Amino acid sequence: MTDPPSHGRASYELPLAAERGPAARSDERACLPESLLLRHVMWVCSLRWIVVTILGAFGLLGLVQGGPLAWLALRPQGYWPLAAAGLLALANLAFIVHARGAARSPVTRGAHANLWGQIVADLMVLTVVIHNTGSLETYVPFAYLFHIVLACIFFPRSWSLAVTAVACGLYIACVALEEAGAIPAAGLYADASLRRLMDSLPGVRLFNVGWATLTWLVVWYLASHLSAMVQQRDHELAETNRRLVGAQQERMQHMLRTTHELKAPFSAIHANVQLLLRGYCGEVPAAARDVLGRVARRCQRLAGEIKEMLQLANLESKAQEPLPCAELDLAEVIATCIEQAGPVVAERQVAIEADLRPANAVAAEDHLRMLFGNLLANAIAYSHPGGRVRVECRLLPDGRPQVAIEDHGIGIRPEKLARVFDAYYRTDEAVRHNRESTGLGLAIVRTVAQTYGIRLRIESAPGVGTRCILTFPPMGRRLAPSRERKESDHGLPVDRGR
Amino acid sequence: MAYLLIVDDDEDFASAAAMTLRASGHEVDVLLETTDALRRMKARTPDLAILDVMFPESSSAGFDLAREIRGAGGPVAKVPILMLTAVNQKFPFGFAASDIDDHWMPVQDFLEKPVDIAVLCRRVEDLLAKAA
């Protein structure tokens, strides 16, 4: 995702949660096979339009006297290709309407039935095509293989065997009915001598039918075996992914508890150091005051670290769902963050330029403050003394809010851009420039951005500076605020629908 | 001078807070558990109660006590409460100012530990001034 440098800066766009690797997709497949199958249903329907087009075109060409069919030594086919194309088109429309209805249904069912219906309809129309084009003298019967292979991919082995049996049965019935004279033998070729020759050699006919059915059965065996292996792997991958997600959740919960347990004794140390420093316990000698000052500063840093660890653990913990969201003006939230950064801005001697225009988004205010606060803190911390940080908030022409935070500080090397969002990762240059950072700020930013589907692009060049661009999703795609009240383990209202 | 009651199981923190508030001229008592707190408050009603949230007896004992105080009737029910807690202010365990209401969080204000003792003193004075 690291792009070549543009305007002297390399860029990296944080992948959204839905775009993460195959593990996420495997999990989805394991949980929602019907909904996934519906997507395949639509794919098969779109392929069927190609078949309808080919059949229709073939039918129209057949209507042209002395046209391309005559040139190819094929005989006119009458209206059956057009009738077959029309029938297939109607069936396809019905399948699409059914699949869309099933997709909108809160309980997704019917994808299997839809696929079954499609396969049976296809096999019947295909048998009509095979009969009319010549059941023995052309390779058209091998088109059954498409359906056999698709059945092997989408269905269990027993079902795909049933599809293969239906295909074999329809073909044998077609040839047998032609043989018995129940249906008149047709054909594609203008010269019917090949058909007549085959009709006169029952052994060849039997061999051809037997070889075709054997081929379909062998293809079914190989395809279904391979498909079962792939599905087994897929299932194992989904299971592994589920366990990993569970372990990650457990780790986060443990981290949350541990960090919280650390906070209480730390608060006592912090309070008592303040008592000594402020003279509540009497005059403290200068040397002891220096030592206490160092303890107080480390306390301050530890407090920040604990706060960030808790924020990250809370964000990554499933227990926090559903998120309490409200419609907020991003410009106001950013202005508050800039105000809160005031003391650090003064300490680092950095100037902040803000161009904030109203842009509403639906989110939890705390999460937005974490997002903008951390990006702003980074821009300030990695600027040079006397530097300038520019913050912009605006609405894009398509209505999406966009926020950009730009500094002219130390910058990030292109090969490290993709890693800066990892928890505890810090570049060597960042460590040299600012020893105080915990390395958790951008991990918090990543988690908030991915939770809300915010596109985050970071552009940077060493010695030039860094620019972070946040593009919020359109209003319709945001997480809906929930007004349900719940109590946490502490009897607190977890979700107040703010 | 006001009479303040701190209910917090962390003795080290509670004593530091008590010392600070005493230095500001207040009379301060410390209780390390919630079980006897309501009876003590009825025996001598404080001008302000400072409550922790998590106690060994229950992780929400501080909130339960706040609700009991509000339901106790008489002058005790009107005691201003300052919640002082190490519970993270963020979700899912934490809370924000908008969570303060009569049922869920019947307190006047809250502070998150670790707290600057100057901020603690200022909030206490503000609450006492409002109550007066």
# chains A, B, ... in the order shown; residues from 1 in each chain; ligands from 1
>>> residues_around(residues="segment 272-289 of chain A", least_positions_apart="4", cutoff="12 Å", atoms="only C-alpha atoms", output="VMD selection string")
(chain A and resid 265 to 268 293 to 300) or (chain B and resid 11 to 24 114 to 120)
>>> select_by_dssp(residues="segment 130-163 of chain A", states="helix (DSSP H, G or I)", output="MDAnalysis selection string")
chainID A and resid 130:133 140:154 157:163
>>> write_last_selection(atoms="N, CA and C atoms", output="PDB file, in the first residue's frame")
ATOM      1  N   ILE A 130     -28.850 -29.615 -26.907  1.00  0.00           N
ATOM      2  CA  ILE A 130     -28.084 -30.789 -27.339  1.00  0.00           C
ATOM      3  C   ILE A 130     -28.884 -31.596 -28.363  1.00  0.00           C
ATOM      4  N   HIS A 131     -30.172 -31.777 -28.080  1.00  0.00           N
ATOM      5  CA  HIS A 131     -31.014 -32.540 -29.022  1.00  0.00           C
ATOM      6  C   HIS A 131     -31.047 -31.851 -30.382  1.00  0.00           C
ATOM      7  N   ASN A 132     -31.234 -30.524 -30.372  1.00  0.00           N
ATOM      8  CA  ASN A 132     -31.388 -29.805 -31.635  1.00  0.00           C
ATOM      9  C   ASN A 132     -30.082 -29.640 -32.400  1.00  0.00           C
ATOM     10  N   THR A 133     -28.968 -29.626 -31.679  1.00  0.00           N
ATOM     11  CA  THR A 133     -27.688 -29.452 -32.388  1.00  0.00           C
ATOM     12  C   THR A 133     -27.067 -30.797 -32.755  1.00  0.00           C
ATOM     13  N   VAL A 140     -21.334 -30.474 -28.052  1.00  0.00           N
ATOM     14  CA  VAL A 140     -22.208 -29.668 -27.183  1.00  0.00           C
ATOM     15  C   VAL A 140     -22.552 -30.395 -25.874  1.00  0.00           C
ATOM     16  N   PRO A 141     -22.763 -31.747 -25.866  1.00  0.00           N
ATOM     17  CA  PRO A 141     -23.085 -32.409 -24.597  1.00  0.00           C
ATOM     18  C   PRO A 141     -22.052 -32.166 -23.489  1.00  0.00           C
ATOM     19  N   PHE A 142     -20.806 -31.856 -23.871  1.00  0.00           N
ATOM     20  CA  PHE A 142     -19.798 -31.617 -22.829  1.00  0.00           C
ATOM     21  C   PHE A 142     -20.046 -30.314 -22.051  1.00  0.00           C
ATOM     22  N   ALA A 143     -21.024 -29.513 -22.522  1.00  0.00           N
ATOM     23  CA  ALA A 143     -21.395 -28.305 -21.764  1.00  0.00           C
ATOM     24  C   ALA A 143     -22.006 -28.660 -20.408  1.00  0.00           C
ATOM     25  N   TYR A 144     -22.454 -29.924 -20.259  1.00  0.00           N
ATOM     26  CA  TYR A 144     -22.925 -30.370 -18.934  1.00  0.00           C
ATOM     27  C   TYR A 144     -21.827 -30.214 -17.874  1.00  0.00           C
ATOM     28  N   LEU A 145     -20.580 -30.288 -18.330  1.00  0.00           N
ATOM     29  CA  LEU A 145     -19.447 -30.219 -17.387  1.00  0.00           C
ATOM     30  C   LEU A 145     -19.442 -28.915 -16.580  1.00  0.00           C
ATOM     31  N   PHE A 146     -19.869 -27.808 -17.236  1.00  0.00           N
ATOM     32  CA  PHE A 146     -19.887 -26.524 -16.512  1.00  0.00           C
ATOM     33  C   PHE A 146     -20.727 -26.641 -15.240  1.00  0.00           C
ATOM     34  N   HIS A 147     -21.910 -27.255 -15.404  1.00  0.00           N
ATOM     35  CA  HIS A 147     -22.824 -27.350 -14.255  1.00  0.00           C
ATOM     36  C   HIS A 147     -22.316 -28.347 -13.224  1.00  0.00           C
ATOM     37  N   ILE A 148     -21.686 -29.405 -13.719  1.00  0.00           N
ATOM     38  CA  ILE A 148     -21.151 -30.406 -12.779  1.00  0.00           C
ATOM     39  C   ILE A 148     -20.059 -29.769 -11.909  1.00  0.00           C
ATOM     40  N   VAL A 149     -19.178 -29.006 -12.556  1.00  0.00           N
ATOM     41  CA  VAL A 149     -18.078 -28.382 -11.798  1.00  0.00           C
ATOM     42  C   VAL A 149     -18.625 -27.325 -10.834  1.00  0.00           C
ATOM     43  N   LEU A 150     -19.584 -26.518 -11.308  1.00  0.00           N
ATOM     44  CA  LEU A 150     -20.169 -25.500 -10.407  1.00  0.00           C
ATOM     45  C   LEU A 150     -20.842 -26.155  -9.201  1.00  0.00           C
ATOM     46  N   ALA A 151     -21.532 -27.270  -9.455  1.00  0.00           N
ATOM     47  CA  ALA A 151     -22.189 -27.982  -8.343  1.00  0.00           C
ATOM     48  C   ALA A 151     -21.147 -28.499  -7.351  1.00  0.00           C
ATOM     49  N   CYS A 152     -20.011 -28.967  -7.882  1.00  0.00           N
ATOM     50  CA  CYS A 152     -18.938 -29.455  -6.994  1.00  0.00           C
ATOM     51  C   CYS A 152     -18.407 -28.326  -6.111  1.00  0.00           C
ATOM     52  N   ILE A 153     -18.356 -27.099  -6.667  1.00  0.00           N
ATOM     53  CA  ILE A 153     -17.819 -25.958  -5.905  1.00  0.00           C
ATOM     54  C   ILE A 153     -18.808 -25.512  -4.831  1.00  0.00           C
ATOM     55  N   PHE A 154     -20.097 -25.432  -5.196  1.00  0.00           N
ATOM     56  CA  PHE A 154     -21.074 -24.814  -4.293  1.00  0.00           C
ATOM     57  C   PHE A 154     -21.746 -25.801  -3.343  1.00  0.00           C
ATOM     58  N   ARG A 157     -20.717 -33.064  -1.664  1.00  0.00           N
ATOM     59  CA  ARG A 157     -20.434 -34.079  -2.687  1.00  0.00           C
ATOM     60  C   ARG A 157     -21.702 -34.821  -3.112  1.00  0.00           C
ATOM     61  N   SER A 158     -22.565 -35.155  -2.146  1.00  0.00           N
ATOM     62  CA  SER A 158     -23.759 -35.940  -2.495  1.00  0.00           C
ATOM     63  C   SER A 158     -24.662 -35.132  -3.430  1.00  0.00           C
ATOM     64  N   TRP A 159     -24.752 -33.830  -3.187  1.00  0.00           N
ATOM     65  CA  TRP A 159     -25.603 -32.978  -4.035  1.00  0.00           C
ATOM     66  C   TRP A 159     -24.998 -32.855  -5.441  1.00  0.00           C
ATOM     67  N   SER A 160     -23.674 -32.682  -5.495  1.00  0.00           N
ATOM     68  CA  SER A 160     -23.056 -32.529  -6.814  1.00  0.00           C
ATOM     69  C   SER A 160     -23.149 -33.839  -7.591  1.00  0.00           C
ATOM     70  N   LEU A 161     -23.129 -34.975  -6.862  1.00  0.00           N
ATOM     71  CA  LEU A 161     -23.315 -36.260  -7.536  1.00  0.00           C
ATOM     72  C   LEU A 161     -24.732 -36.334  -8.113  1.00  0.00           C
ATOM     73  N   ALA A 162     -25.695 -35.790  -7.371  1.00  0.00           N
ATOM     74  CA  ALA A 162     -27.080 -35.783  -7.860  1.00  0.00           C
ATOM     75  C   ALA A 162     -27.180 -34.953  -9.140  1.00  0.00           C
ATOM     76  N   VAL A 163     -26.488 -33.805  -9.177  1.00  0.00           N
ATOM     77  CA  VAL A 163     -26.496 -32.959 -10.379  1.00  0.00           C
ATOM     78  C   VAL A 163     -25.893 -33.732 -11.549  1.00  0.00           C
TER      79      VAL A 163
END
>>> closest_residue(among="B:Asp64, B:Asp29, B:Asp47, B:Glu125", to="chain A", atoms="only C-alpha atoms")
B:Asp64
>>> closest_residue(among="A:Ala379, A:Ala190, A:Ile410, A:Leu136", to="Ala176 of chain A", atoms="only C-alpha atoms")
A:Leu136
>>> closest_residue(among="B:Asp10, B:Asp36, B:Glu27, B:Asp109", to="chain A", atoms="only C-alpha atoms")
B:Asp10
>>> select_by_dssp(residues="segment 215-392 of chain A", states="strand (DSSP E or B)", output="list in words")
Ala326, Glu327, Leu328, Asp329, Ala351, Ile352, Glu353, Ala354, Asp355, Leu356, Asn360, Ala361, Val362, Ala363, Arg388, Val389, Arg390, Val391 and Glu392 of chain A
>>> atom_distance(atom1="atom CA of Glu436 of chain A", atom2="atom CA of Arg457 of chain A")
25.0 Å
>>> residues_around(residues="segment 75-79 of chain A", least_positions_apart="2", cutoff="12 Å", atoms="only C-alpha atoms", output="PyMOL selection string")
chain A and resi 55-73+81-86+129+131-134+186-192
>>> closest_residue(among="A:Leu371, A:Ile50, A:Ala303, A:Leu194", to="chain B", atoms="only C-alpha atoms")
A:Ala303
>>> closest_residue(among="B:Asp126, B:Asp9, B:Leu111, B:Pro106", to="Phe55 of chain B", atoms="only C-alpha atoms")
B:Asp9
